[in-house]
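Here's start.csv, which has CSV, C-alpha atoms and all ligand atoms:
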```csv
chain,number,residue,atom,x,y,z
A,1003,MET,CA,0.0,0.0,0.0
A,1004,MET,CA,1.1,3.6,-0.6
A,1005,THR,CA,2.0,5.8,2.4
A,1006,LEU,CA,1.1,9.4,2.8
A,1007,TYR,CA,3.5,11.3,5.1
A,1008,GLU,CA,1.3,14.1,6.4
A,1009,THR,CA,0.2,16.3,9.3
A,1010,LYS,CA,-3.4,16.2,10.3
A,1011,THR,CA,-3.7,19.9,11.2
A,1012,ALA,CA,-1.8,21.3,8.3
A,1013,PRO,CA,-3.6,22.7,5.2
A,1014,ASN,CA,-1.5,21.2,2.4
A,1015,PRO,CA,-1.8,17.6,3.5
A,1016,ARG,CA,-5.5,18.1,3.9
A,1017,ARG,CA,-5.7,18.7,0.1
A,1018,VAL,CA,-4.3,15.3,-0.6
A,1019,ARG,CA,-6.5,13.6,2.1
A,1020,MET,CA,-9.6,15.1,0.5
A,1021,PHE,CA,-8.4,14.1,-3.0
A,1022,LEU,CA,-7.8,10.5,-1.9
A,1023,THR,CA,-11.2,10.4,-0.1
A,1024,GLU,CA,-13.0,11.8,-3.2
A,1025,LYS,CA,-11.4,9.0,-5.2
A,1026,GLY,CA,-12.1,6.3,-2.6
A,1027,VAL,CA,-8.4,5.4,-2.6
A,1028,GLY,CA,-7.0,4.0,0.7
A,1029,VAL,CA,-3.4,4.6,1.8
A,1030,ASN,CA,-1.4,4.3,5.0
A,1031,TYR,CA,-1.3,7.7,6.8
A,1032,ALA,CA,2.0,8.4,8.7
A,1033,GLN,CA,1.8,11.5,11.0
A,1034,ILE,CA,4.8,13.9,11.0
A,1035,ASP,CA,5.0,16.5,13.7
A,1036,ILE,CA,6.1,19.6,11.7
A,1037,GLU,CA,6.1,21.8,14.8
A,1038,LYS,CA,8.7,19.6,16.3
A,1039,GLY,CA,10.6,19.5,13.0
A,1040,GLU,CA,10.1,15.8,12.3
A,1041,ASN,CA,9.9,16.8,8.6
A,1042,LEU,CA,13.5,17.9,8.7
A,1043,THR,CA,15.2,14.7,9.8
A,1044,PRO,CA,17.7,13.1,7.3
A,1045,GLU,CA,15.2,10.3,6.7
A,1046,MET,CA,12.4,12.7,5.7
A,1047,LEU,CA,14.8,15.0,3.7
A,1048,ALA,CA,15.8,12.0,1.7
A,1049,LYS,CA,12.1,11.6,0.7
A,1050,ASN,CA,11.6,15.4,0.0
A,1051,PRO,CA,14.7,17.6,0.0
A,1052,LEU,CA,12.4,20.7,0.5
A,1053,GLY,CA,11.5,19.3,3.9
A,1054,LYS,CA,7.7,19.7,3.5
A,1055,VAL,CA,4.6,17.5,3.8
A,1056,PRO,CA,2.7,15.9,2.2
A,1057,ILE,CA,4.8,13.2,0.6
A,1058,LEU,CA,3.2,10.2,-1.2
A,1059,GLU,CA,5.5,7.1,-1.0
A,1060,LEU,CA,4.6,4.5,-3.6
A,1061,GLU,CA,5.0,0.7,-3.0
A,1062,ASP,CA,8.4,0.7,-4.7
A,1063,GLY,CA,9.7,3.5,-2.5
A,1064,THR,CA,9.3,6.3,-5.1
A,1065,CYS,CA,8.4,9.5,-3.4
A,1066,ILE,CA,6.2,12.3,-4.9
A,1067,SER,CA,5.8,15.6,-3.1
A,1068,GLU,CA,4.0,18.9,-4.0
A,1069,CYS,CA,0.2,18.5,-3.7
A,1070,ASP,CA,-0.4,19.2,-7.3
A,1071,ALA,CA,2.1,16.6,-8.4
A,1072,ILE,CA,0.7,14.0,-6.1
A,1073,CYS,CA,-2.8,14.7,-7.3
A,1074,THR,CA,-1.7,14.6,-10.9
A,1075,TYR,CA,-0.3,11.1,-10.3
A,1076,LEU,CA,-3.5,9.9,-8.5
A,1077,GLU,CA,-5.7,11.3,-11.2
A,1078,ALA,CA,-3.8,9.3,-13.8
A,1079,GLN,CA,-3.8,6.1,-11.7
A,1080,PHE,CA,-7.4,6.5,-10.5
A,1081,PRO,CA,-9.3,8.5,-13.2
A,1082,GLU,CA,-12.8,8.2,-11.6
A,1083,PRO,CA,-14.3,10.4,-10.3
A,1084,CYS,CA,-12.6,13.0,-12.5
A,1085,LEU,CA,-11.2,15.9,-10.4
A,1086,MET,CA,-8.9,17.5,-12.9
A,1087,GLY,CA,-11.0,18.0,-16.0
A,1088,LYS,CA,-12.2,15.6,-18.7
A,1089,THR,CA,-11.7,17.3,-22.1
A,1090,PRO,CA,-8.6,19.3,-23.1
A,1091,LEU,CA,-10.5,22.5,-22.4
A,1092,GLY,CA,-11.8,21.2,-19.1
A,1093,LYS,CA,-8.3,20.2,-18.0
A,1094,GLY,CA,-7.0,23.7,-18.9
A,1095,ILE,CA,-9.7,25.5,-17.0
A,1096,VAL,CA,-9.2,23.3,-13.9
A,1097,ALA,CA,-5.4,23.8,-14.1
A,1098,MET,CA,-5.9,27.6,-14.4
A,1099,TRP,CA,-8.2,27.8,-11.3
A,1100,GLN,CA,-6.1,25.3,-9.4
A,1101,ARG,CA,-3.0,27.5,-9.9
A,1102,ARG,CA,-4.9,30.6,-9.0
A,1103,MET,CA,-6.1,29.0,-5.8
A,1104,GLU,CA,-2.7,27.7,-4.9
A,1105,VAL,CA,-0.8,31.0,-5.7
A,1106,GLY,CA,-3.6,33.4,-4.7
A,1107,LEU,CA,-5.0,31.8,-1.6
A,1108,MET,CA,-2.9,28.9,-0.2
A,1109,LEU,CA,0.5,30.4,-0.6
A,1110,PRO,CA,-0.3,33.9,0.9
A,1111,ILE,CA,-2.3,32.5,3.8
A,1112,GLY,CA,0.6,30.2,4.6
A,1113,GLN,CA,3.0,33.2,4.5
A,1114,CYS,CA,0.6,35.3,6.6
A,1115,PHE,CA,0.5,32.5,9.2
A,1116,GLN,CA,4.3,31.9,9.3
A,1117,HIS,CA,5.3,35.6,9.3
A,1118,THR,CA,2.7,36.9,11.7
A,1119,THR,CA,2.7,34.1,14.3
A,1120,GLY,CA,6.4,33.0,14.2
A,1121,TYR,CA,5.3,29.4,14.3
A,1122,PHE,CA,8.4,28.3,12.5
A,1123,ARG,CA,10.8,30.8,14.1
A,1124,ASP,CA,13.2,28.0,14.8
A,1125,ARG,CA,13.8,27.6,11.1
A,1126,MET,CA,13.0,31.0,9.5
A,1127,THR,CA,13.0,34.7,10.3
A,1128,PRO,CA,9.4,35.9,10.5
A,1129,VAL,CA,8.8,39.4,9.0
A,1130,PRO,CA,5.4,40.5,10.4
A,1131,GLU,CA,4.9,43.3,7.9
A,1132,PHE,CA,5.4,40.8,5.0
A,1133,GLY,CA,2.9,38.5,6.7
A,1134,GLN,CA,0.3,41.3,6.8
A,1135,GLU,CA,0.9,42.1,3.1
A,1136,ALA,CA,0.4,38.4,2.3
A,1137,GLY,CA,-2.9,38.5,4.2
A,1138,LYS,CA,-4.0,41.4,1.9
A,1139,ASP,CA,-3.1,39.4,-1.2
A,1140,TYR,CA,-5.2,36.5,0.2
A,1141,LYS,CA,-8.2,38.9,0.5
A,1142,LYS,CA,-7.8,40.2,-3.0
A,1143,SER,CA,-7.9,36.6,-4.3
A,1144,LEU,CA,-11.1,36.0,-2.3
A,1145,THR,CA,-12.7,38.9,-4.2
A,1146,ILE,CA,-11.7,37.3,-7.5
A,1147,LEU,CA,-13.1,34.0,-6.3
A,1148,ASP,CA,-16.4,35.6,-5.3
A,1149,GLN,CA,-16.8,37.0,-8.9
A,1150,CYS,CA,-16.0,33.5,-10.2
A,1151,LEU,CA,-18.6,31.8,-8.0
A,1152,ALA,CA,-21.3,34.3,-9.0
A,1153,GLU,CA,-21.2,32.6,-12.4
A,1154,SER,CA,-20.8,28.9,-11.5
A,1155,GLU,CA,-21.6,26.3,-8.9
A,1156,PHE,CA,-18.0,25.2,-8.5
A,1157,ILE,CA,-14.7,27.1,-9.0
A,1158,ALA,CA,-13.8,25.6,-12.4
A,1159,GLY,CA,-17.4,25.3,-13.7
A,1160,ASP,CA,-20.2,22.9,-13.0
A,1161,ALA,CA,-18.1,20.0,-11.6
A,1162,PHE,CA,-16.3,19.7,-8.3
A,1163,SER,CA,-12.5,19.7,-8.9
A,1164,ILE,CA,-9.1,19.9,-7.3
A,1165,ALA,CA,-9.5,23.8,-7.4
A,1166,ASP,CA,-12.4,23.5,-4.9
A,1167,ILE,CA,-10.2,21.4,-2.7
A,1168,THR,CA,-7.3,23.8,-2.7
A,1169,ALA,CA,-9.6,26.8,-2.0
A,1170,LEU,CA,-11.5,25.1,0.8
A,1171,CYS,CA,-8.3,24.0,2.6
A,1172,ALA,CA,-6.8,27.5,2.3
A,1173,ILE,CA,-10.0,29.3,3.5
A,1174,ASP,CA,-10.5,26.9,6.4
A,1175,PHE,CA,-6.9,27.4,7.4
A,1176,ALA,CA,-7.3,31.2,7.3
A,1177,ARG,CA,-9.2,30.9,10.6
A,1178,VAL,CA,-5.9,30.4,12.4
A,1179,VAL,CA,-5.0,34.0,11.5
A,1180,LYS,CA,-8.6,35.1,12.3
A,1181,MET,CA,-9.6,35.7,8.7
A,1182,ARG,CA,-13.1,34.5,8.1
A,1183,LEU,CA,-15.5,34.8,5.2
A,1184,ASP,CA,-17.9,37.7,5.6
A,1185,ASP,CA,-20.8,39.3,3.8
A,1186,ASN,CA,-18.3,40.8,1.2
A,1187,HIS,CA,-18.0,37.3,-0.3
A,1188,PRO,CA,-21.6,36.0,-0.5
A,1189,ASN,CA,-20.9,33.6,-3.4
A,1190,VAL,CA,-17.9,32.2,-1.6
A,1191,GLN,CA,-20.0,31.7,1.5
A,1192,ARG,CA,-22.7,29.8,-0.5
A,1193,TRP,CA,-20.0,27.6,-2.1
A,1194,HIS,CA,-18.2,27.1,1.2
A,1195,ALA,CA,-21.4,25.9,2.9
A,1196,SER,CA,-22.0,23.4,0.1
A,1197,VAL,CA,-18.5,21.9,-0.3
A,1198,SER,CA,-18.1,21.7,3.5
A,1199,GLN,CA,-20.9,19.1,3.4
A,1200,ARG,CA,-18.9,16.6,1.3
A,1201,PRO,CA,-17.7,13.6,3.3
A,1202,SER,CA,-14.2,14.3,2.0
A,1203,ALA,CA,-14.2,17.7,3.8
A,1204,LYS,CA,-14.0,15.7,7.1
A,1205,ALA,CA,-11.2,13.5,6.0
B,1,LIG,N1,4.0,23.5,-2.3
B,1,LIG,C1,3.9,22.5,-1.3
B,1,LIG,C2,3.7,23.1,0.1
B,1,LIG,C3,3.9,22.1,1.2
B,1,LIG,C4,4.0,22.9,2.6
B,1,LIG,O1,4.2,24.1,2.7
B,1,LIG,N2,3.8,22.1,3.6
B,1,LIG,C5,3.8,22.6,5.0
B,1,LIG,C6,2.6,22.1,5.8
B,1,LIG,S1,1.1,22.8,5.2
B,1,LIG,C7,5.1,22.1,5.7
B,1,LIG,O2,5.5,20.9,5.5
B,1,LIG,N3,5.7,22.9,6.5
B,1,LIG,C8,6.8,22.5,7.4
B,1,LIG,C9,7.9,23.5,7.3
B,1,LIG,O3,7.9,24.5,6.6
B,1,LIG,O4,9.0,23.2,8.0
B,1,LIG,C10,2.8,21.5,-1.6
B,1,LIG,O5,2.0,21.7,-2.5
B,1,LIG,O6,2.8,20.4,-1.1
```

For the structure just supplied, provide its representation as structure tokens.
Ligand SMILES: N[C@@H](CCC(=O)N[C@@H](CS)C(=O)NCC(=O)O)C(=O)O
Amino acid sequence: MMTLYETKTAPNPRRVRMFLTEKGVGVNYAQIDIEKGENLTPEMLAKNPLGKVPILELEDGTCISECDAICTYLEAQFPEPCLMGKTPLGKGIVAMWQRRMEVGLMLPIGQCFQHTTGYFRDRMTPVPEFGQEAGKDYKKSLTILDQCLAESEFIAGDAFSIADITALCAIDFARVVKMRLDDNHPNVQRWHASVSQRPSAKA
């Protein structure tokens, strides 16, 4: 069986847990305490030199890290249900929104968290002003997302996709820096209430 090295409370591993749950694919889950730096041991750095989770280890020992890469592998191995687009156009639209959600929501909310709380001050130098700017970038992307969701049920159109997973994990994680959805984002609120009902959201 494959093994997912992950951290239950961290937002990026949740993306892969949700993806696996949507696909109905079972793996071994190995918990890594990133606060204690268990992701930075020589053993873990051999699996991912960037020192981050999640990491998917295949049965032959091959390791894939980066959520998008892990999900690309899983989508190819387990095509149903489709989460990354069916047609060439569909795949392009999903990839576009997936990237926007990763760069526009997940990345800045992670930077906001790291730089304003100093959670990883043992391994980086927090710059609080930078963290606050990242928080503003996150909010700008929420506005773009709200316009998108005024037009469609899900982020990349009328089917649930990896882009919805990335956005949900980023938005839920934003609570740790006290950023919550408000009435400025009614379409995101409607979408959030709906996708949070999926069994995979509890994975
Ligand atoms: N781009 C990476 C991001 C992975 C990432 O930032 N993971 C965080 C947890 S959400 C981590 O391992 N942090 C530990 C650290 O920075 O020491 C992905 O898509 O997997």

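For region 1104-1110 of chain A, the non-local neighbours within 7 Å, defined as residues at least 2 positions apart in the same chain or in other chains and counting all atoms listed in the file, are Gln1100, Arg1101, Arg1102, Gly1112, Gln1113, Cys1114, Ala1136, Gly1137, Asp1139, Tyr1140, Ser1143, Thr1168, Ala1169 and Ala1172 of chain A.
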
(message) Ranking A:Asp1062, A:Glu1024, A:Glu1077, A:Asp1070 by minimum distance to ligand LIG 1 (chain B) and counting only C-alpha atoms and all ligand atoms, which one comes first?
(response) A:Asp1070

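Separating CA of Ala1012 (chain A) from CA of Lys1054 (chain A) is a distance of 10.8 Å.
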
(message) Hey, which residues sit close to ligand LIG 1 (chain B)? Say within 9 Å, counting all atoms listed in the file, and write them as a PyMOL selection string.
(response) chain A and resi 1008-1009+1011-1018+1034-1037+1039-1042+1052-1057+1067-1072+1104+1108-1109+1112+1116+1122+1125-1126

(message) One number please: CA of Gln1199 (chain A) to CA of Cys1073 (chain A), in Å, one decimal.
(response)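 Value for the CA of Gln1199 (chain A)-CA of Cys1073 (chain A) distance: 21.5 Å.
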
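Interatomic distance, CA of Ser1163 (chain A) to CA of Asp1148 (chain A): 16.8 Å.
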
Per residue of region 1108-1187 of chain A within 7 Å of region 1079-1096 of chain A, what are the shortest atom pair and its distance in Å to one decimal, counting only C-alpha atoms, with rows by chain and residue number, as a tab-separated table?
```
residue	atom	partner	partner_atom	distance
A:Ala1158	CA	A:Val1096	CA	5.4
A:Phe1162	CA	A:Leu1085	CA	6.7
A:Ser1163	CA	A:Leu1085	CA	4.3
A:Ile1164	CA	A:Leu1085	CA	5.5
A:Ala1165	CA	A:Val1096	CA	6.5
```

(request) Measuring atom to atom with only C-alpha atoms, identify which of A:Thr1118, A:Thr1145, A:Gln1134, A:Thr1005 is nearest to Leu1183 (chain A). (result)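 Ranked by minimum distance to Leu1183 (chain A), first place goes to A:Thr1145.
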
(request) Compare A:Thr1023, A:Met1004, A:Ile1066, A:Phe1132 by their minimum atom-to-atom distance to Pro1051 (chain A), counting only C-alpha atoms, and give me the closest one. (result) A:Ile1066

(request) Pick out the residues sitting within 8 Å of Ser1198 (chain A), and hand them over as a list in words; count all atoms listed in the file, and ignore anything fewer than 4 positions along from it in its own chain. (result)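 Skipping anything fewer than 4 positions along the chain leaves Leu1170, His1194 and Ala1203 of chain A.
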
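Compared by their closest atoms to Asp1124 (chain A), and using only C-alpha atoms, the residues A:Lys1038, A:Glu1059, A:Lys1025, A:Arg1019 rank with A:Lys1038 nearest.
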
Write region 1186-1205 of chain A as a compact mmCIF listing (two decimals), in the coordinates of the input, completed to N, CA and C atoms.
```txt
# COMPACT_ATOMS: atom_id res chain seq x y z
N ASN A 1186 -18.92 40.31 2.46
CA ASN A 1186 -18.30 40.80 1.20
C ASN A 1186 -18.16 39.71 0.18
N HIS A 1187 -18.29 38.47 0.64
CA HIS A 1187 -18.00 37.30 -0.30
C HIS A 1187 -19.23 36.36 -0.22
N PRO A 1188 -20.43 36.83 -0.62
CA PRO A 1188 -21.60 36.00 -0.50
C PRO A 1188 -21.56 34.71 -1.33
N ASN A 1189 -20.95 34.81 -2.51
CA ASN A 1189 -20.90 33.60 -3.40
C ASN A 1189 -19.92 32.60 -2.82
N VAL A 1190 -18.82 33.10 -2.25
CA VAL A 1190 -17.90 32.20 -1.60
C VAL A 1190 -18.53 31.52 -0.40
N GLN A 1191 -19.33 32.30 0.33
CA GLN A 1191 -20.00 31.70 1.50
C GLN A 1191 -20.98 30.61 1.08
N ARG A 1192 -21.74 30.84 0.01
CA ARG A 1192 -22.70 29.80 -0.50
C ARG A 1192 -21.93 28.57 -0.92
N TRP A 1193 -20.85 28.76 -1.67
CA TRP A 1193 -20.00 27.60 -2.10
C TRP A 1193 -19.39 26.91 -0.92
N HIS A 1194 -18.90 27.68 0.05
CA HIS A 1194 -18.20 27.10 1.20
C HIS A 1194 -19.19 26.19 1.99
N ALA A 1195 -20.42 26.69 2.19
CA ALA A 1195 -21.40 25.90 2.90
C ALA A 1195 -21.68 24.59 2.20
N SER A 1196 -21.71 24.64 0.88
CA SER A 1196 -22.00 23.40 0.10
C SER A 1196 -20.84 22.45 0.09
N VAL A 1197 -19.64 22.90 -0.23
CA VAL A 1197 -18.50 21.90 -0.30
C VAL A 1197 -18.12 21.38 1.04
N SER A 1198 -18.40 22.14 2.10
CA SER A 1198 -18.10 21.70 3.50
C SER A 1198 -18.92 20.45 3.85
N GLN A 1199 -20.04 20.26 3.14
CA GLN A 1199 -20.90 19.10 3.40
C GLN A 1199 -20.39 17.80 2.85
N ARG A 1200 -19.42 17.88 1.95
CA ARG A 1200 -18.90 16.60 1.30
C ARG A 1200 -18.21 15.79 2.35
N PRO A 1201 -18.40 14.48 2.33
CA PRO A 1201 -17.70 13.60 3.30
C PRO A 1201 -16.19 13.85 3.28
N SER A 1202 -15.62 14.14 2.11
CA SER A 1202 -14.20 14.30 2.00
C SER A 1202 -13.68 15.53 2.82
N ALA A 1203 -14.58 16.49 3.07
CA ALA A 1203 -14.20 17.70 3.80
C ALA A 1203 -13.82 17.32 5.27
N LYS A 1204 -14.31 16.16 5.72
CA LYS A 1204 -14.00 15.70 7.10
C LYS A 1204 -12.83 14.78 7.16
N ALA A 1205 -12.26 14.47 6.01
CA ALA A 1205 -11.20 13.50 6.00
C ALA A 1205 -9.93 13.96 6.70
```
